[in-house]
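**Q** Next up, start-v6.cif (mmCIF, C-alpha atoms).
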data_coords
loop_
_atom_site.group_PDB
_atom_site.id
_atom_site.type_symbol
_atom_site.label_atom_id
_atom_site.label_comp_id
_atom_site.auth_asym_id
_atom_site.auth_seq_id
_atom_site.Cartn_x
_atom_site.Cartn_y
_atom_site.Cartn_z
ATOM 1 C CA MET A 4 66.950 108.512 81.073
ATOM 2 C CA ALA A 5 70.267 106.723 80.639
ATOM 3 C CA ALA A 6 71.164 107.369 84.287
ATOM 4 C CA LEU A 7 67.922 105.752 85.444
ATOM 5 C CA TRP A 8 68.604 102.740 83.258
ATOM 6 C CA ALA A 9 72.145 102.459 84.684
ATOM 7 C CA LEU A 10 70.752 102.507 88.235
ATOM 8 C CA ARG A 11 68.318 99.723 87.454
ATOM 9 C CA VAL A 12 71.098 97.614 85.959
ATOM 10 C CA ALA A 13 73.300 98.288 89.011
ATOM 11 C CA ALA A 14 70.462 97.287 91.333
ATOM 12 C CA ARG A 15 69.980 93.987 89.451
ATOM 13 C CA GLN A 16 73.689 93.207 89.538
ATOM 14 C CA ARG A 17 73.886 93.852 93.298
ATOM 15 C CA PRO A 18 70.837 92.296 94.935
ATOM 16 C CA GLY A 19 71.794 93.667 98.396
ATOM 17 C CA LEU A 20 71.741 97.235 97.100
ATOM 18 C CA GLY A 21 68.586 98.812 98.548
ATOM 19 C CA PRO A 22 67.316 102.405 98.465
ATOM 20 C CA VAL A 23 70.168 103.611 100.679
ATOM 21 C CA GLY A 24 72.753 102.086 98.396
ATOM 22 C CA LEU A 25 71.038 103.489 95.318
ATOM 23 C CA ARG A 26 71.057 106.976 96.872
ATOM 24 C CA ALA A 27 74.733 106.634 97.656
ATOM 25 C CA LEU A 28 75.412 105.460 94.113
ATOM 26 C CA TRP A 29 73.340 108.283 92.671
ATOM 27 C CA GLY A 30 74.951 110.856 94.985
ATOM 28 C CA ASP A 31 78.452 109.737 93.989
ATOM 29 C CA ARG A 32 77.543 110.162 90.349
ATOM 30 C CA ARG A 33 76.243 113.686 90.999
ATOM 31 C CA LYS A 34 79.417 114.593 92.869
ATOM 32 C CA GLU A 35 81.458 113.445 89.886
ATOM 33 C CA GLU A 36 79.341 115.625 87.579
ATOM 34 C CA ARG A 37 79.828 118.642 89.853
ATOM 35 C CA GLU A 38 83.592 118.062 89.923
ATOM 36 C CA VAL A 39 83.687 117.923 86.134
ATOM 37 C CA GLU A 40 81.683 121.176 85.906
ATOM 38 C CA THR A 41 83.864 123.051 88.404
ATOM 39 C CA ASP A 42 87.246 121.853 87.106
ATOM 40 C CA GLY A 43 87.456 124.597 84.493
ATOM 41 C CA ALA A 44 85.989 127.293 86.752
ATOM 42 C CA VAL A 45 87.828 129.582 89.166
ATOM 43 C CA PRO A 46 87.517 128.366 92.769
ATOM 44 C CA GLU A 47 84.906 130.219 94.820
ATOM 45 C CA LYS A 48 87.413 131.372 97.430
ATOM 46 C CA GLU A 49 89.387 133.307 94.817
ATOM 47 C CA GLU A 50 86.223 134.953 93.480
ATOM 48 C CA ARG A 51 85.128 136.078 96.918
ATOM 49 C CA SER A 52 88.532 137.435 97.889
ATOM 50 C CA GLN A 53 88.451 140.003 95.092
ATOM 51 C CA PRO A 54 85.696 142.619 95.346
ATOM 52 C CA SER A 55 83.711 142.775 92.148
ATOM 53 C CA LEU A 56 82.365 146.290 92.684
ATOM 54 C CA MET A 57 83.719 149.316 94.466
ATOM 55 C CA HIS A 58 81.432 150.629 97.176
ATOM 56 C CA PRO A 59 80.247 154.144 96.373
ATOM 57 C CA PRO A 60 80.890 156.851 98.936
ATOM 58 C CA PRO A 61 78.077 157.348 101.415
ATOM 59 C CA ARG A 62 75.342 159.578 100.036
ATOM 60 C CA ARG A 63 74.466 161.182 103.352
ATOM 61 C CA ARG A 64 76.637 164.269 103.216
ATOM 62 C CA SER A 65 75.814 167.824 104.052
ATOM 63 C CA TYR A 66 74.808 169.970 101.115
ATOM 64 C CA VAL A 67 74.150 173.682 101.134
ATOM 65 C CA PRO A 68 72.864 175.103 97.845
ATOM 66 C CA PRO A 69 75.141 177.777 96.362
ATOM 67 C CA GLU A 70 73.808 181.303 95.981
ATOM 68 C CA ASP A 71 74.220 181.275 92.189
ATOM 69 C CA LEU A 72 72.467 177.923 91.759
ATOM 70 C CA GLN A 73 69.906 179.164 89.251
ATOM 71 C CA SER A 74 72.478 180.748 86.933
ATOM 72 C CA CYS A 75 74.747 177.694 87.259
ATOM 73 C CA LEU A 76 71.906 175.346 86.334
ATOM 74 C CA GLU A 77 70.795 177.578 83.485
ATOM 75 C CA SER A 78 74.286 177.615 81.968
ATOM 76 C CA HIS A 79 74.532 173.821 82.208
ATOM 77 C CA VAL A 80 71.104 173.363 80.626
ATOM 78 C CA ARG A 81 72.059 175.668 77.743
ATOM 79 C CA GLU A 82 75.390 173.827 77.242
ATOM 80 C CA VAL A 83 73.841 170.354 77.265
ATOM 81 C CA PHE A 84 70.716 171.082 75.221
ATOM 82 C CA GLY A 85 72.310 173.581 72.847
ATOM 83 C CA PRO A 86 69.979 175.541 70.563
ATOM 84 C CA SER A 87 66.977 173.330 71.343
ATOM 85 C CA VAL A 88 66.430 174.978 74.760
ATOM 86 C CA PRO A 89 63.005 176.607 75.081
ATOM 87 C CA GLU A 90 62.773 180.306 75.923
ATOM 88 C CA ASP A 91 61.897 179.384 79.517
ATOM 89 C CA TRP A 92 64.882 177.111 80.233
ATOM 90 C CA GLN A 93 63.164 175.640 83.322
ATOM 91 C CA GLN A 94 60.658 173.953 80.998
ATOM 92 C CA ALA A 95 63.418 172.073 79.135
ATOM 93 C CA PRO A 96 62.219 168.451 79.033
ATOM 94 C CA LEU A 97 64.505 165.665 80.232
ATOM 95 C CA GLN A 98 62.888 162.950 78.112
ATOM 96 C CA GLU A 99 66.049 161.946 76.282
ATOM 97 C CA LYS A 100 68.072 159.812 78.696
ATOM 98 C CA ARG A 101 71.446 160.720 77.216
ATOM 99 C CA LEU A 102 70.897 164.442 77.759
ATOM 100 C CA LYS A 103 69.400 163.867 81.197
ATOM 101 C CA HIS A 104 72.442 161.838 82.242
ATOM 102 C CA ARG A 105 74.873 164.394 80.836
ATOM 103 C CA LEU A 106 73.158 167.260 82.686
ATOM 104 C CA LEU A 107 72.892 165.450 86.015
ATOM 105 C CA ALA A 108 76.487 164.181 85.813
ATOM 106 C CA ARG A 109 77.814 167.699 85.210
ATOM 107 C CA LEU A 110 75.793 169.113 88.092
ATOM 108 C CA ALA A 111 76.867 166.317 90.437
ATOM 109 C CA ALA A 112 80.520 166.916 89.595
ATOM 110 C CA GLU A 113 80.297 170.678 90.039
ATOM 111 C CA LEU A 114 78.052 170.817 93.108
ATOM 112 C CA GLY A 115 79.292 167.634 94.825
ATOM 113 C CA HIS A 116 75.733 166.401 95.330
ATOM 114 C CA ALA A 117 74.213 163.728 93.093
ATOM 115 C CA VAL A 118 70.576 162.866 92.496
ATOM 116 C CA PRO A 119 69.990 159.430 94.074
ATOM 117 C CA ASN A 120 68.691 156.610 91.884
ATOM 118 C CA SER A 121 65.430 156.546 93.821
ATOM 119 C CA GLN A 122 64.632 160.099 92.662
ATOM 120 C CA LEU A 123 65.760 159.965 89.027
ATOM 121 C CA HIS A 124 62.256 159.148 87.813
ATOM 122 C CA ARG A 125 61.001 162.422 89.330
ATOM 123 C CA MET A 126 63.261 164.558 87.131
ATOM 124 C CA HIS A 127 61.010 165.391 84.154
ATOM 125 C CA CYS A 128 62.238 168.910 83.397
ATOM 126 C CA ALA A 129 64.925 171.383 84.466
ATOM 127 C CA ARG A 130 62.532 172.848 87.054
ATOM 128 C CA ASP A 131 62.514 169.495 88.905
ATOM 129 C CA VAL A 132 66.311 169.446 88.924
ATOM 130 C CA LEU A 133 66.355 173.002 90.257
ATOM 131 C CA GLY A 134 63.938 172.012 93.027
ATOM 132 C CA PHE A 135 66.141 169.068 94.019
ATOM 133 C CA TYR A 136 69.318 171.145 94.156
ATOM 134 C CA ARG A 137 67.599 173.967 96.099
ATOM 135 C CA THR A 138 66.882 171.618 99.005
ATOM 136 C CA PRO A 139 69.642 171.691 101.648
ATOM 137 C CA VAL A 140 70.757 168.389 103.184
ATOM 138 C CA ARG A 141 72.085 168.076 106.715
ATOM 139 C CA ASP A 142 74.331 165.195 107.599
ATOM 140 C CA GLY A 143 73.179 163.636 110.821
ATOM 141 C CA THR A 144 70.428 161.732 112.513
ATOM 142 C CA LYS A 145 67.553 162.834 114.702
ATOM 143 C CA ILE A 146 69.510 161.750 117.766
ATOM 144 C CA ASP A 147 72.384 164.037 116.744
ATOM 145 C CA GLU A 148 69.902 166.887 116.460
ATOM 146 C CA LEU A 149 68.502 166.102 119.903
ATOM 147 C CA MET A 150 71.983 166.073 121.412
ATOM 148 C CA ALA A 151 72.677 169.525 119.934
ATOM 149 C CA THR A 152 69.554 171.023 121.502
ATOM 150 C CA GLU A 153 69.220 171.940 125.137
ATOM 151 C CA LEU A 154 67.670 168.959 126.883
ATOM 152 C CA PRO A 155 65.874 168.925 130.244
ATOM 153 C CA PRO A 156 68.147 167.948 133.164
ATOM 154 C CA ASN A 157 66.452 164.553 133.610
ATOM 155 C CA LEU A 158 67.087 163.495 129.991
ATOM 156 C CA LYS A 159 70.522 162.456 128.758
ATOM 157 C CA ILE A 160 71.608 160.769 125.535
ATOM 158 C CA ILE A 161 74.578 158.416 125.870
ATOM 159 C CA TRP A 162 76.118 156.590 122.904
ATOM 160 C CA GLN A 163 77.052 152.988 123.551
ATOM 161 C CA GLN A 164 79.641 151.303 121.368
#
Could you spell out this file's structure in structure tokens?
**A**
Amino acid sequence: MAALWALRVAARQRPGLGPVGLRALWGDRRKEEREVETDGAVPEKEERSQPSLMHPPPRRRSYVPPEDLQSCLESHVREVFGPSVPEDWQQAPLQEKRLKHRLLARLAAELGHAVPNSQLHRMHCARDVLGFYRTPVRDGTKIDELMATELPPNLKIIWQQ
């Protein structure tokens, strides 16, 4: 409100000051306000030069389930849940987030294969976790698979870089 009043007074004092001059006057005032706001802040160039987060390693890695996966998972479930594990350990519910995180973190560290964020909501019980870790993962694309197979003589795959 005070800024509008100041503009009107400035326009009366300078009769030749039209809309262009008022915009210039208003713009200069805004620039001054921005300078005052950014004086105490760290310059943007310094913020951008330092990475704020470390990039996680790529998730697409080969994973072959170990042969003793079921016993490994059972021992981890019994360690994390303690005496509250049901008789059928695969039915152990993962409702409590703290226990779910502890179990999945231990398995990821031991097996070298973590449950991606997009699939965390699917892990309701230990059976779901067992199903996830039973699934093998191959590192590669469909084109890599095609190159490994025997192709007809008239079909060739060439990578361009």
**Q** Suppose you want the space between atom CA of A:Leu114 and atom CA of A:Leu102; what is it in Å?
**A**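 Value for the atom CA of A:Leu114-atom CA of A:Leu102 distance: 18.1 Å.
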**Q** In Å, how far is it from atom CA of A:Tyr136 to atom CA of A:Leu107?
**A** 10.6 Å
**Q** Of the residues A:Gly85, A:Pro96, A:Pro139, A:Pro119, which is the one nearest to A:Pro68, using all atoms listed in the file?
**A**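 Closest residue, counting all atoms listed in the file: A:Pro139.
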**Q** Give me the box for stretch 108-125 of chain A as JSON, namely the centre and edge lengths in Å to one decimal of a box along x, y and z that holds every listed atom plus 3 Å on each side.
**A**
{"center_x": 70.8, "center_y": 163.7, "center_z": 90.3, "size_x": 25.5, "size_y": 20.3, "size_z": 16.1}
**Q** Calculated over all atoms listed in the file, which of the candidates A:Gln93, A:Gln98, A:Ser65, A:Asn120 has the smallest distance to A:Asp142?
**A**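 Looking at the shortest contact to A:Asp142, the residue is A:Ser65.
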**Q** Given only C-alpha atoms as the basis, pick out the residue of A:Arg64, A:Gly115, A:Ser121, A:Val132 nearest to A:His79.
**A** A:Val132
**Q** Quick one: residues within 10 Å of A:Thr138, only C-alpha atoms counted, chain neighbours fewer than 5 positions away excluded, as JSON, numbers by chain?
**A** {"A": [66, 67, 68, 133]}
**Q** Report, in Å to a single decimal, how far apart atom CA of A:Glu77 and atom CA of A:Arg141 are.
**A** 25.1 Å
**Q** Which is closer to A:Glu148 than all the others in A:Ile160, A:Val118, A:Cys128, A:Leu106, using all atoms listed in the file?
**A**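 For A:Glu148, the nearest of the candidates is A:Ile160.
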**Q** Once the PyMOL selection byres ((chain A and resi 127) around 10) is applied to the coordinates I shared, what remains selected? I want it as a ChimeraX atom specification.
**A** /A:94-99,103,123-126,128-132
**Q** From the options A:Arg137, A:Ala108, A:Glu113, A:Gln122, which residue's atoms come nearest to A:Glu70, counting all atoms listed in the file?
**A** A:Arg137
**Q** Might you pull out every residue within 12 Å of A:Lys159, with all atoms listed in the file counted and same-chain residues fewer than 6 positions away left off, and present them as JSON, numbers by chain?
**A** {"A": [146, 149, 150, 151, 152, 153]}
